[in-house]
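J.: Below you'll find target_32.txt; it's compact mmCIF, N, CA and C atoms.
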```
# COMPACT_ATOMS: atom_id res chain seq x y z
N MET A 15 -92.38 -150.10 50.10
CA MET A 15 -91.74 -149.80 48.84
C MET A 15 -91.03 -151.06 48.37
N ARG A 16 -91.02 -151.24 47.07
CA ARG A 16 -90.35 -152.41 46.51
C ARG A 16 -88.84 -152.28 46.61
N ARG A 17 -88.18 -153.36 46.31
CA ARG A 17 -86.72 -153.39 46.33
C ARG A 17 -86.17 -152.33 45.37
N VAL A 18 -85.15 -151.61 45.80
CA VAL A 18 -84.59 -150.51 45.03
C VAL A 18 -83.43 -151.03 44.19
N LEU A 19 -83.52 -150.83 42.90
CA LEU A 19 -82.48 -151.23 41.96
C LEU A 19 -81.71 -150.00 41.48
N LEU A 20 -80.60 -150.25 40.81
CA LEU A 20 -79.78 -149.14 40.30
C LEU A 20 -80.58 -148.28 39.32
N ALA A 21 -81.41 -148.90 38.51
CA ALA A 21 -82.24 -148.14 37.56
C ALA A 21 -83.18 -147.19 38.30
N ASP A 22 -83.68 -147.60 39.46
CA ASP A 22 -84.54 -146.73 40.26
C ASP A 22 -83.77 -145.50 40.72
N LEU A 23 -82.56 -145.73 41.23
CA LEU A 23 -81.74 -144.61 41.71
C LEU A 23 -81.44 -143.62 40.59
N LEU A 24 -81.09 -144.15 39.42
CA LEU A 24 -80.77 -143.27 38.30
C LEU A 24 -81.99 -142.51 37.80
N ALA A 25 -83.16 -143.16 37.76
CA ALA A 25 -84.38 -142.48 37.30
C ALA A 25 -84.76 -141.34 38.24
N VAL A 26 -84.67 -141.59 39.53
CA VAL A 26 -85.03 -140.55 40.50
C VAL A 26 -84.00 -139.42 40.48
N ALA A 27 -82.72 -139.76 40.36
CA ALA A 27 -81.69 -138.71 40.29
C ALA A 27 -81.90 -137.85 39.06
N ASN A 28 -82.27 -138.45 37.95
CA ASN A 28 -82.53 -137.70 36.73
C ASN A 28 -83.73 -136.78 36.90
N TRP A 29 -84.74 -137.22 37.66
CA TRP A 29 -85.91 -136.39 37.92
C TRP A 29 -85.58 -135.23 38.86
N LEU A 30 -84.72 -135.49 39.86
CA LEU A 30 -84.40 -134.47 40.86
C LEU A 30 -83.41 -133.42 40.35
N ALA A 31 -82.56 -133.78 39.40
CA ALA A 31 -81.45 -132.91 38.98
C ALA A 31 -81.88 -131.49 38.58
N PRO A 32 -82.95 -131.28 37.81
CA PRO A 32 -83.30 -129.90 37.43
C PRO A 32 -83.88 -129.05 38.55
N MET A 33 -84.24 -129.66 39.66
CA MET A 33 -84.83 -128.91 40.77
C MET A 33 -83.76 -128.12 41.51
N PRO A 34 -84.14 -127.03 42.15
CA PRO A 34 -83.19 -126.31 43.01
C PRO A 34 -82.76 -127.23 44.16
N PRO A 35 -81.49 -127.17 44.56
CA PRO A 35 -80.99 -128.07 45.61
C PRO A 35 -81.79 -128.04 46.91
N GLY A 36 -82.37 -126.92 47.25
CA GLY A 36 -83.14 -126.82 48.49
C GLY A 36 -84.46 -127.57 48.45
N GLN A 37 -85.00 -127.80 47.27
CA GLN A 37 -86.28 -128.50 47.14
C GLN A 37 -86.14 -130.01 46.99
N ARG A 38 -84.94 -130.48 46.70
CA ARG A 38 -84.74 -131.91 46.41
C ARG A 38 -85.09 -132.83 47.58
N PRO A 39 -84.62 -132.57 48.81
CA PRO A 39 -84.94 -133.51 49.89
C PRO A 39 -86.44 -133.68 50.13
N GLU A 40 -87.18 -132.58 50.10
CA GLU A 40 -88.62 -132.65 50.32
C GLU A 40 -89.32 -133.40 49.19
N ALA A 41 -88.93 -133.12 47.95
CA ALA A 41 -89.53 -133.81 46.81
C ALA A 41 -89.20 -135.30 46.85
N LEU A 42 -87.98 -135.64 47.24
CA LEU A 42 -87.58 -137.04 47.34
C LEU A 42 -88.37 -137.77 48.42
N ALA A 43 -88.55 -137.14 49.57
CA ALA A 43 -89.32 -137.76 50.65
C ALA A 43 -90.76 -138.03 50.21
N ALA A 44 -91.35 -137.08 49.49
CA ALA A 44 -92.72 -137.27 49.00
C ALA A 44 -92.77 -138.40 47.98
N LEU A 45 -91.77 -138.49 47.12
CA LEU A 45 -91.73 -139.55 46.11
C LEU A 45 -91.58 -140.92 46.76
N ILE A 46 -90.72 -141.03 47.76
CA ILE A 46 -90.53 -142.31 48.45
C ILE A 46 -91.83 -142.72 49.15
N GLU A 47 -92.52 -141.77 49.74
CA GLU A 47 -93.79 -142.09 50.40
C GLU A 47 -94.83 -142.55 49.38
N ARG A 48 -94.87 -141.89 48.21
CA ARG A 48 -95.79 -142.31 47.15
C ARG A 48 -95.48 -143.73 46.69
N ALA A 49 -94.20 -144.03 46.52
CA ALA A 49 -93.81 -145.37 46.08
C ALA A 49 -94.20 -146.41 47.13
N HIS A 50 -94.03 -146.07 48.39
CA HIS A 50 -94.41 -146.99 49.47
C HIS A 50 -95.92 -147.25 49.47
N LEU A 51 -96.70 -146.19 49.35
CA LEU A 51 -98.15 -146.35 49.31
C LEU A 51 -98.60 -147.10 48.06
N ALA A 52 -97.94 -146.85 46.93
CA ALA A 52 -98.28 -147.56 45.69
C ALA A 52 -98.00 -149.05 45.83
N HIS A 53 -96.92 -149.39 46.53
CA HIS A 53 -96.62 -150.81 46.74
C HIS A 53 -97.70 -151.46 47.60
N LYS A 54 -98.17 -150.76 48.63
CA LYS A 54 -99.26 -151.29 49.45
C LYS A 54 -100.52 -151.52 48.62
N VAL A 55 -100.84 -150.54 47.76
CA VAL A 55 -102.02 -150.65 46.91
C VAL A 55 -101.88 -151.81 45.94
N SER A 56 -100.72 -151.94 45.32
CA SER A 56 -100.54 -153.00 44.33
C SER A 56 -100.56 -154.39 44.97
N ARG A 57 -100.04 -154.49 46.20
CA ARG A 57 -100.10 -155.78 46.90
C ARG A 57 -101.54 -156.13 47.25
N ARG A 58 -102.30 -155.14 47.69
CA ARG A 58 -103.67 -155.41 48.13
C ARG A 58 -104.61 -155.65 46.96
N LEU A 59 -104.49 -154.86 45.90
CA LEU A 59 -105.45 -154.96 44.79
C LEU A 59 -104.97 -155.86 43.65
N GLY A 60 -103.68 -156.15 43.62
CA GLY A 60 -103.17 -157.02 42.57
C GLY A 60 -102.81 -156.31 41.27
N HIS A 61 -102.88 -155.00 41.26
CA HIS A 61 -102.46 -154.25 40.07
C HIS A 61 -101.85 -152.92 40.51
N ALA A 62 -101.15 -152.29 39.61
CA ALA A 62 -100.43 -151.06 39.93
C ALA A 62 -101.39 -149.90 40.19
N HIS A 63 -100.93 -148.95 41.00
CA HIS A 63 -101.66 -147.71 41.24
C HIS A 63 -101.68 -146.93 39.92
N PRO A 64 -102.81 -146.33 39.55
CA PRO A 64 -102.89 -145.66 38.25
C PRO A 64 -101.92 -144.48 38.07
N LEU A 65 -101.57 -143.80 39.14
CA LEU A 65 -100.67 -142.64 39.00
C LEU A 65 -99.25 -142.92 39.51
N TRP A 66 -99.12 -143.74 40.53
CA TRP A 66 -97.83 -143.91 41.20
C TRP A 66 -97.12 -145.21 40.85
N GLY A 67 -97.73 -146.05 40.05
CA GLY A 67 -97.05 -147.26 39.60
C GLY A 67 -97.20 -148.44 40.56
N ASN A 68 -96.23 -149.36 40.47
CA ASN A 68 -96.33 -150.61 41.22
C ASN A 68 -95.59 -150.61 42.55
N GLY A 69 -94.96 -149.52 42.91
CA GLY A 69 -94.27 -149.45 44.19
C GLY A 69 -92.78 -149.29 44.09
N CYS A 70 -92.23 -149.40 42.89
CA CYS A 70 -90.78 -149.14 42.76
C CYS A 70 -90.59 -147.66 42.45
N LEU A 71 -89.44 -147.15 42.77
CA LEU A 71 -89.18 -145.72 42.60
C LEU A 71 -89.24 -145.29 41.14
N ALA A 72 -88.75 -146.14 40.23
CA ALA A 72 -88.76 -145.78 38.81
C ALA A 72 -90.19 -145.63 38.29
N SER A 73 -91.11 -146.49 38.74
CA SER A 73 -92.49 -146.36 38.28
C SER A 73 -93.17 -145.15 38.91
N ALA A 74 -92.78 -144.78 40.12
CA ALA A 74 -93.36 -143.60 40.78
C ALA A 74 -92.94 -142.32 40.07
N VAL A 75 -91.73 -142.31 39.52
CA VAL A 75 -91.23 -141.11 38.86
C VAL A 75 -91.55 -141.12 37.36
N ALA A 76 -91.99 -142.26 36.82
CA ALA A 76 -92.22 -142.37 35.38
C ALA A 76 -93.27 -141.40 34.87
N GLY A 77 -94.31 -141.16 35.63
CA GLY A 77 -95.37 -140.26 35.18
C GLY A 77 -95.09 -138.79 35.42
N LEU A 78 -94.00 -138.48 36.09
CA LEU A 78 -93.66 -137.09 36.39
C LEU A 78 -92.74 -136.52 35.31
N ALA A 79 -92.81 -135.23 35.13
CA ALA A 79 -91.97 -134.58 34.12
C ALA A 79 -90.51 -134.61 34.55
N HIS A 80 -89.64 -135.01 33.64
CA HIS A 80 -88.21 -134.98 33.91
C HIS A 80 -87.46 -134.80 32.59
N ARG A 81 -86.25 -134.37 32.71
CA ARG A 81 -85.46 -134.11 31.51
C ARG A 81 -84.89 -135.42 30.98
N SER A 82 -84.51 -135.39 29.72
CA SER A 82 -83.92 -136.59 29.13
C SER A 82 -82.50 -136.76 29.65
N GLU A 83 -82.10 -138.00 29.77
CA GLU A 83 -80.79 -138.31 30.34
C GLU A 83 -79.72 -138.16 29.27
N GLY A 84 -78.66 -137.46 29.59
CA GLY A 84 -77.54 -137.30 28.67
C GLY A 84 -76.51 -138.40 28.85
N HIS A 85 -75.49 -138.35 28.05
CA HIS A 85 -74.44 -139.38 28.12
C HIS A 85 -73.55 -139.18 29.34
N ASP A 86 -73.15 -137.96 29.60
CA ASP A 86 -72.28 -137.66 30.73
C ASP A 86 -73.09 -136.99 31.83
N PRO A 87 -73.08 -137.54 33.04
CA PRO A 87 -73.85 -136.91 34.12
C PRO A 87 -73.23 -135.58 34.53
N ASP A 88 -74.07 -134.62 34.80
CA ASP A 88 -73.59 -133.33 35.26
C ASP A 88 -73.55 -133.33 36.79
N PRO A 89 -72.99 -132.28 37.40
CA PRO A 89 -72.90 -132.26 38.87
C PRO A 89 -74.25 -132.34 39.57
N ASP A 90 -75.29 -131.75 38.97
CA ASP A 90 -76.62 -131.82 39.59
C ASP A 90 -77.13 -133.25 39.63
N GLN A 91 -76.91 -134.01 38.56
CA GLN A 91 -77.34 -135.40 38.55
C GLN A 91 -76.57 -136.22 39.58
N LEU A 92 -75.28 -135.98 39.71
CA LEU A 92 -74.47 -136.72 40.67
C LEU A 92 -74.86 -136.39 42.11
N GLU A 93 -75.11 -135.10 42.38
CA GLU A 93 -75.57 -134.72 43.71
C GLU A 93 -76.93 -135.34 44.02
N SER A 94 -77.81 -135.37 43.02
CA SER A 94 -79.13 -135.98 43.20
C SER A 94 -79.01 -137.48 43.45
N LEU A 95 -78.10 -138.12 42.74
CA LEU A 95 -77.88 -139.55 42.93
C LEU A 95 -77.39 -139.84 44.35
N ALA A 96 -76.48 -139.00 44.84
CA ALA A 96 -75.98 -139.17 46.20
C ALA A 96 -77.11 -138.97 47.22
N LEU A 97 -77.97 -138.00 46.98
CA LEU A 97 -79.10 -137.75 47.88
C LEU A 97 -80.06 -138.94 47.90
N VAL A 98 -80.37 -139.47 46.73
CA VAL A 98 -81.29 -140.61 46.64
C VAL A 98 -80.69 -141.83 47.34
N ALA A 99 -79.42 -142.10 47.08
CA ALA A 99 -78.77 -143.26 47.71
C ALA A 99 -78.75 -143.12 49.23
N ALA A 100 -78.47 -141.92 49.73
CA ALA A 100 -78.44 -141.70 51.18
C ALA A 100 -79.84 -141.87 51.78
N ALA A 101 -80.87 -141.39 51.09
CA ALA A 101 -82.23 -141.50 51.61
C ALA A 101 -82.68 -142.96 51.65
N VAL A 102 -82.37 -143.71 50.61
CA VAL A 102 -82.76 -145.12 50.58
C VAL A 102 -81.99 -145.91 51.64
N ALA A 103 -80.71 -145.62 51.80
CA ALA A 103 -79.91 -146.30 52.82
C ALA A 103 -80.43 -145.98 54.22
N GLY A 104 -80.79 -144.74 54.47
CA GLY A 104 -81.36 -144.37 55.77
C GLY A 104 -82.68 -145.07 56.04
N ARG A 105 -83.51 -145.18 55.02
CA ARG A 105 -84.78 -145.87 55.17
C ARG A 105 -84.56 -147.35 55.49
N GLN A 106 -83.58 -147.96 54.84
CA GLN A 106 -83.27 -149.37 55.10
C GLN A 106 -82.74 -149.56 56.52
N ARG A 107 -81.90 -148.63 56.98
CA ARG A 107 -81.37 -148.73 58.34
C ARG A 107 -82.48 -148.61 59.38
N ARG A 108 -83.41 -147.67 59.16
CA ARG A 108 -84.52 -147.50 60.10
C ARG A 108 -85.42 -148.73 60.12
N ALA A 109 -85.68 -149.30 58.96
CA ALA A 109 -86.51 -150.50 58.90
C ALA A 109 -85.83 -151.67 59.59
N GLN A 110 -84.53 -151.80 59.42
CA GLN A 110 -83.79 -152.88 60.07
C GLN A 110 -83.79 -152.70 61.59
N ALA A 111 -83.59 -151.47 62.05
CA ALA A 111 -83.61 -151.20 63.49
C ALA A 111 -84.99 -151.47 64.07
N LEU A 112 -86.02 -151.14 63.33
CA LEU A 112 -87.39 -151.40 63.78
C LEU A 112 -87.65 -152.89 63.88
N ARG A 113 -87.20 -153.65 62.88
CA ARG A 113 -87.38 -155.12 62.93
C ARG A 113 -86.63 -155.72 64.11
N GLU A 114 -85.40 -155.27 64.35
CA GLU A 114 -84.61 -155.80 65.46
C GLU A 114 -85.20 -155.38 66.80
N GLY A 115 -85.80 -154.21 66.86
CA GLY A 115 -86.44 -153.74 68.09
C GLY A 115 -87.67 -154.55 68.45
N ARG A 116 -88.36 -155.09 67.44
CA ARG A 116 -89.54 -155.91 67.68
C ARG A 116 -89.18 -157.36 67.97
N GLY A 117 -87.90 -157.67 67.89
CA GLY A 117 -87.47 -159.03 68.17
C GLY A 117 -87.61 -159.98 67.00
N GLN A 118 -87.84 -159.45 65.80
CA GLN A 118 -87.93 -160.32 64.64
C GLN A 118 -86.53 -160.80 64.29
N LYS A 119 -86.46 -162.04 63.90
CA LYS A 119 -85.17 -162.59 63.51
C LYS A 119 -84.81 -162.10 62.12
N LYS A 120 -83.54 -161.83 61.94
CA LYS A 120 -83.09 -161.50 60.60
C LYS A 120 -82.86 -162.80 59.84
N ALA A 121 -82.72 -162.71 58.54
CA ALA A 121 -82.52 -163.90 57.72
C ALA A 121 -81.19 -164.55 58.09
N PRO A 122 -81.16 -165.89 58.16
CA PRO A 122 -79.91 -166.56 58.51
C PRO A 122 -78.86 -166.37 57.42
N SER A 123 -77.61 -166.34 57.83
CA SER A 123 -76.54 -166.19 56.86
C SER A 123 -76.30 -167.52 56.17
N GLU A 124 -75.48 -167.50 55.13
CA GLU A 124 -75.18 -168.72 54.37
C GLU A 124 -74.61 -169.80 55.27
N SER A 125 -73.74 -169.42 56.22
CA SER A 125 -73.10 -170.41 57.07
C SER A 125 -74.07 -171.04 58.07
N GLU A 126 -75.17 -170.35 58.39
CA GLU A 126 -76.14 -170.86 59.33
C GLU A 126 -77.16 -171.78 58.68
N CYS A 127 -77.27 -171.77 57.36
CA CYS A 127 -78.25 -172.58 56.64
C CYS A 127 -77.70 -173.99 56.46
N VAL A 128 -78.42 -174.96 56.98
CA VAL A 128 -78.02 -176.36 56.86
C VAL A 128 -79.17 -177.10 56.21
N PRO A 129 -78.90 -177.92 55.18
CA PRO A 129 -80.00 -178.65 54.55
C PRO A 129 -80.61 -179.66 55.51
N SER A 130 -81.89 -179.87 55.37
CA SER A 130 -82.60 -180.81 56.22
C SER A 130 -82.24 -182.24 55.86
N PRO A 131 -82.05 -183.13 56.85
CA PRO A 131 -81.73 -184.52 56.53
C PRO A 131 -82.96 -185.30 56.07
N VAL A 132 -84.14 -184.71 56.23
CA VAL A 132 -85.37 -185.40 55.86
C VAL A 132 -85.71 -185.05 54.42
N GLY A 133 -85.98 -186.06 53.61
CA GLY A 133 -86.33 -185.82 52.22
C GLY A 133 -87.79 -185.45 52.06
N ARG A 134 -88.15 -184.90 50.92
CA ARG A 134 -89.53 -184.50 50.68
C ARG A 134 -90.48 -185.70 50.65
N SER A 135 -90.03 -186.83 50.12
CA SER A 135 -90.92 -187.97 49.97
C SER A 135 -91.34 -188.56 51.32
N ASP A 136 -90.67 -188.22 52.40
CA ASP A 136 -91.03 -188.73 53.71
C ASP A 136 -92.39 -188.20 54.18
N TYR A 137 -92.85 -187.11 53.58
CA TYR A 137 -94.08 -186.49 54.03
C TYR A 137 -95.25 -186.75 53.10
N VAL A 138 -95.08 -187.55 52.09
CA VAL A 138 -96.16 -187.81 51.14
C VAL A 138 -97.13 -188.81 51.74
N VAL A 139 -98.39 -188.49 51.72
CA VAL A 139 -99.43 -189.37 52.23
C VAL A 139 -100.24 -189.85 51.04
N PHE A 140 -100.36 -191.15 50.89
CA PHE A 140 -101.12 -191.71 49.79
C PHE A 140 -102.49 -192.10 50.28
N SER A 141 -103.53 -191.59 49.63
CA SER A 141 -104.89 -191.97 49.96
C SER A 141 -105.71 -191.89 48.67
N ALA A 142 -106.72 -192.70 48.62
CA ALA A 142 -107.59 -192.69 47.45
C ALA A 142 -108.51 -191.47 47.53
N VAL A 143 -108.51 -190.68 46.50
CA VAL A 143 -109.31 -189.46 46.47
C VAL A 143 -110.19 -189.51 45.25
N THR A 144 -111.47 -189.15 45.41
CA THR A 144 -112.40 -189.12 44.29
C THR A 144 -112.24 -187.83 43.53
N ARG A 145 -112.99 -187.69 42.46
CA ARG A 145 -112.93 -186.46 41.66
C ARG A 145 -113.41 -185.25 42.44
N LYS A 146 -114.28 -185.46 43.43
CA LYS A 146 -114.80 -184.34 44.21
C LYS A 146 -113.91 -184.01 45.39
N GLY A 147 -112.77 -184.71 45.54
CA GLY A 147 -111.85 -184.38 46.62
C GLY A 147 -112.11 -185.11 47.90
N ARG A 148 -112.98 -186.12 47.89
CA ARG A 148 -113.29 -186.86 49.11
C ARG A 148 -112.56 -188.21 49.08
N CYS A 149 -112.27 -188.70 50.26
CA CYS A 149 -111.59 -190.00 50.38
C CYS A 149 -112.59 -191.14 50.14
N ASN A 150 -112.12 -192.20 49.52
CA ASN A 150 -112.94 -193.40 49.33
C ASN A 150 -112.71 -194.35 50.49
N GLY A 151 -113.65 -194.43 51.35
CA GLY A 151 -113.60 -195.44 52.39
C GLY A 151 -112.80 -195.04 53.49
```
Do you think you could lay out the structure here as structure tokens?

T.:
Amino acid sequence: MRRVLLADLLAVANWLAPMPPGQRPEALAALIERAHLAHKVSRRLGHAHPLWGNGCLASAVAGLAHRSEGHDPDPDQLESLALVAAAVAGRQRRAQALREGRGQKKAPSESECVPSPVGRSDYVVFSAVTRKGRCNG
């Protein structure tokens, strides 16, 4: 699944709000799985899935029926937003634990990043190249 933005959370919460509270977790899990599969398809084929979008949650919910968003959120929308945020956070925690369990390094923090003392021009190799990409001599 693609990176989750605030607009994704709000779109999914708006879609979940009219549903009965008991059906929301199951519908949300199915939507997250669709978004994940759509992201795999879009990465592999280079274009969005025709029904599920490009892999973000907002595109996965865009083709589904949902009510129009009002100015003031009602309790159902707020509960749905909390459910979506908790599900996405849980998914991120599981993915992080899985990466750490496989021994993959996490991204270095700002304090661990040190610029290289070697400049880019140190690696430039000059050679005569023809139009066909072959070296002359």

J.: Which residues are near A:Leu71? Cut-off 8 Å, all atoms listed in the file, ignore same chain within fewer than 3 positions. Put them as a list of chain:residue names.

T.: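 Near neighbours after the sequence-gap exclusion: A:Met15, A:Arg16, A:Arg17, A:Val18, A:Leu19, A:Ala21, A:Asp22, A:Leu23, A:Ala25, A:Val26, A:Leu45, A:Ile46, A:Arg48, A:Ala49, A:His50, A:Trp66, A:Asn68, A:Ala74, A:Val75, A:Ala76.
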
J.: Draw an axis-aligned box tight on the listed atoms of stretch 65-79 of chain A, then pad every side by 6 Å and write out centre and edge lengths in Å to one decimal as lines of an AutoDock Vina configuration file.

T.:
```
center_x = -95.2
center_y = -142.6
center_z = 39.2
size_x = 24.8
size_y = 28.0
size_z = 22.1
```

J.: May I ask for the distance between atom CA of A:Leu30 and atom CA of A:Cys70, given in Å to one decimal place?

T.: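 That distance, rounded to one decimal, is 16.1 Å.
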
J.: Counting only C-alpha atoms, what is within 9 Å of A:Leu97, bar same-chain residues fewer than 6 positions away, as JSON, numbers by chain?

T.: {"A": [27, 38, 39, 42]}

J.: Considering only C-alpha atoms, return as a PyMOL selection string whatever protein or nucleic-acid residues lie within 10 Å of A:Leu20, sequence-local ones (same chain, fewer than 4 positions apart) excluded.

T.: chain A and resi 24-25+72+99

J.: Quick one: distance from atom C of A:Met33 to atom CA of A:Pro87 in Å, one decimal?

T.: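 Straight-line distance from atom C of A:Met33 to atom CA of A:Pro87 works out to 15.2 Å.
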
J.: Mind the document's chain letters and residue numbers, and return as a PyMOL selection string the residues of stretch 31-90 of chain A that DSSP labels helix (DSSP H, G or I).

T.: chain A and resi 38-59+71-76+89-90

J.: Any chance you can output those residues with N, CA and C atoms as a PDB file, in the frame of the given file?

T.:
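Generated file (part-v4.pdb):
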```
ATOM      1  N   ARG A  38     -84.940-130.480  46.700  1.00  0.00           N
ATOM      2  CA  ARG A  38     -84.740-131.910  46.410  1.00  0.00           C
ATOM      3  C   ARG A  38     -85.090-132.830  47.580  1.00  0.00           C
ATOM      4  N   PRO A  39     -84.620-132.570  48.810  1.00  0.00           N
ATOM      5  CA  PRO A  39     -84.940-133.510  49.890  1.00  0.00           C
ATOM      6  C   PRO A  39     -86.440-133.680  50.130  1.00  0.00           C
ATOM      7  N   GLU A  40     -87.180-132.580  50.100  1.00  0.00           N
ATOM      8  CA  GLU A  40     -88.620-132.650  50.320  1.00  0.00           C
ATOM      9  C   GLU A  40     -89.320-133.400  49.190  1.00  0.00           C
ATOM     10  N   ALA A  41     -88.930-133.120  47.950  1.00  0.00           N
ATOM     11  CA  ALA A  41     -89.530-133.810  46.810  1.00  0.00           C
ATOM     12  C   ALA A  41     -89.200-135.300  46.850  1.00  0.00           C
ATOM     13  N   LEU A  42     -87.980-135.640  47.240  1.00  0.00           N
ATOM     14  CA  LEU A  42     -87.580-137.040  47.340  1.00  0.00           C
ATOM     15  C   LEU A  42     -88.370-137.770  48.420  1.00  0.00           C
ATOM     16  N   ALA A  43     -88.550-137.140  49.570  1.00  0.00           N
ATOM     17  CA  ALA A  43     -89.320-137.760  50.650  1.00  0.00           C
ATOM     18  C   ALA A  43     -90.760-138.030  50.210  1.00  0.00           C
ATOM     19  N   ALA A  44     -91.350-137.080  49.490  1.00  0.00           N
ATOM     20  CA  ALA A  44     -92.720-137.270  49.000  1.00  0.00           C
ATOM     21  C   ALA A  44     -92.770-138.400  47.980  1.00  0.00           C
ATOM     22  N   LEU A  45     -91.770-138.490  47.120  1.00  0.00           N
ATOM     23  CA  LEU A  45     -91.730-139.550  46.110  1.00  0.00           C
ATOM     24  C   LEU A  45     -91.580-140.920  46.760  1.00  0.00           C
ATOM     25  N   ILE A  46     -90.720-141.030  47.760  1.00  0.00           N
ATOM     26  CA  ILE A  46     -90.530-142.310  48.450  1.00  0.00           C
ATOM     27  C   ILE A  46     -91.830-142.720  49.150  1.00  0.00           C
ATOM     28  N   GLU A  47     -92.520-141.770  49.740  1.00  0.00           N
ATOM     29  CA  GLU A  47     -93.790-142.090  50.400  1.00  0.00           C
ATOM     30  C   GLU A  47     -94.830-142.550  49.380  1.00  0.00           C
ATOM     31  N   ARG A  48     -94.870-141.890  48.210  1.00  0.00           N
ATOM     32  CA  ARG A  48     -95.790-142.310  47.150  1.00  0.00           C
ATOM     33  C   ARG A  48     -95.480-143.730  46.690  1.00  0.00           C
ATOM     34  N   ALA A  49     -94.200-144.030  46.520  1.00  0.00           N
ATOM     35  CA  ALA A  49     -93.810-145.370  46.080  1.00  0.00           C
ATOM     36  C   ALA A  49     -94.200-146.410  47.130  1.00  0.00           C
ATOM     37  N   HIS A  50     -94.030-146.070  48.390  1.00  0.00           N
ATOM     38  CA  HIS A  50     -94.410-146.990  49.470  1.00  0.00           C
ATOM     39  C   HIS A  50     -95.920-147.250  49.470  1.00  0.00           C
ATOM     40  N   LEU A  51     -96.700-146.190  49.350  1.00  0.00           N
ATOM     41  CA  LEU A  51     -98.150-146.350  49.310  1.00  0.00           C
ATOM     42  C   LEU A  51     -98.600-147.100  48.060  1.00  0.00           C
ATOM     43  N   ALA A  52     -97.940-146.850  46.930  1.00  0.00           N
ATOM     44  CA  ALA A  52     -98.280-147.560  45.690  1.00  0.00           C
ATOM     45  C   ALA A  52     -98.000-149.050  45.830  1.00  0.00           C
ATOM     46  N   HIS A  53     -96.920-149.390  46.530  1.00  0.00           N
ATOM     47  CA  HIS A  53     -96.620-150.810  46.740  1.00  0.00           C
ATOM     48  C   HIS A  53     -97.700-151.460  47.600  1.00  0.00           C
ATOM     49  N   LYS A  54     -98.170-150.760  48.630  1.00  0.00           N
ATOM     50  CA  LYS A  54     -99.260-151.290  49.450  1.00  0.00           C
ATOM     51  C   LYS A  54    -100.520-151.520  48.620  1.00  0.00           C
ATOM     52  N   VAL A  55    -100.840-150.540  47.760  1.00  0.00           N
ATOM     53  CA  VAL A  55    -102.020-150.650  46.910  1.00  0.00           C
ATOM     54  C   VAL A  55    -101.880-151.810  45.940  1.00  0.00           C
ATOM     55  N   SER A  56    -100.720-151.940  45.320  1.00  0.00           N
ATOM     56  CA  SER A  56    -100.540-153.000  44.330  1.00  0.00           C
ATOM     57  C   SER A  56    -100.560-154.390  44.970  1.00  0.00           C
ATOM     58  N   ARG A  57    -100.040-154.490  46.200  1.00  0.00           N
ATOM     59  CA  ARG A  57    -100.100-155.780  46.900  1.00  0.00           C
ATOM     60  C   ARG A  57    -101.540-156.130  47.250  1.00  0.00           C
ATOM     61  N   ARG A  58    -102.300-155.140  47.690  1.00  0.00           N
ATOM     62  CA  ARG A  58    -103.670-155.410  48.130  1.00  0.00           C
ATOM     63  C   ARG A  58    -104.610-155.650  46.960  1.00  0.00           C
ATOM     64  N   LEU A  59    -104.490-154.860  45.900  1.00  0.00           N
ATOM     65  CA  LEU A  59    -105.450-154.960  44.790  1.00  0.00           C
ATOM     66  C   LEU A  59    -104.970-155.860  43.650  1.00  0.00           C
ATOM     67  N   LEU A  71     -89.440-147.150  42.770  1.00  0.00           N
ATOM     68  CA  LEU A  71     -89.180-145.720  42.600  1.00  0.00           C
ATOM     69  C   LEU A  71     -89.240-145.290  41.140  1.00  0.00           C
ATOM     70  N   ALA A  72     -88.750-146.140  40.230  1.00  0.00           N
ATOM     71  CA  ALA A  72     -88.760-145.780  38.810  1.00  0.00           C
ATOM     72  C   ALA A  72     -90.190-145.630  38.290  1.00  0.00           C
ATOM     73  N   SER A  73     -91.110-146.490  38.740  1.00  0.00           N
ATOM     74  CA  SER A  73     -92.490-146.360  38.280  1.00  0.00           C
ATOM     75  C   SER A  73     -93.170-145.150  38.910  1.00  0.00           C
ATOM     76  N   ALA A  74     -92.780-144.780  40.120  1.00  0.00           N
ATOM     77  CA  ALA A  74     -93.360-143.600  40.780  1.00  0.00           C
ATOM     78  C   ALA A  74     -92.940-142.320  40.070  1.00  0.00           C
ATOM     79  N   VAL A  75     -91.730-142.310  39.520  1.00  0.00           N
ATOM     80  CA  VAL A  75     -91.230-141.110  38.860  1.00  0.00           C
ATOM     81  C   VAL A  75     -91.550-141.120  37.360  1.00  0.00           C
ATOM     82  N   ALA A  76     -91.990-142.260  36.820  1.00  0.00           N
ATOM     83  CA  ALA A  76     -92.220-142.370  35.380  1.00  0.00           C
ATOM     84  C   ALA A  76     -93.270-141.400  34.870  1.00  0.00           C
ATOM     85  N   PRO A  89     -72.990-132.280  37.400  1.00  0.00           N
ATOM     86  CA  PRO A  89     -72.900-132.260  38.870  1.00  0.00           C
ATOM     87  C   PRO A  89     -74.250-132.340  39.570  1.00  0.00           C
ATOM     88  N   ASP A  90     -75.290-131.750  38.970  1.00  0.00           N
ATOM     89  CA  ASP A  90     -76.620-131.820  39.590  1.00  0.00           C
ATOM     90  C   ASP A  90     -77.130-133.250  39.630  1.00  0.00           C
TER      91      ASP A  90
END
```

J.: What does the distance from atom CA of A:Gln110 to atom CA of A:Glu47 come to in Å, to one decimal?

T.: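 Between these atoms lies a distance of 17.6 Å.
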
J.: Can you find the residues with an atom no farther than 9 Å from (-76.4, -138.2, 38.8), counting only C-alpha atoms, and report them as a PyMOL selection string?

T.: chain A and resi 23-24+27-28+31+87-96
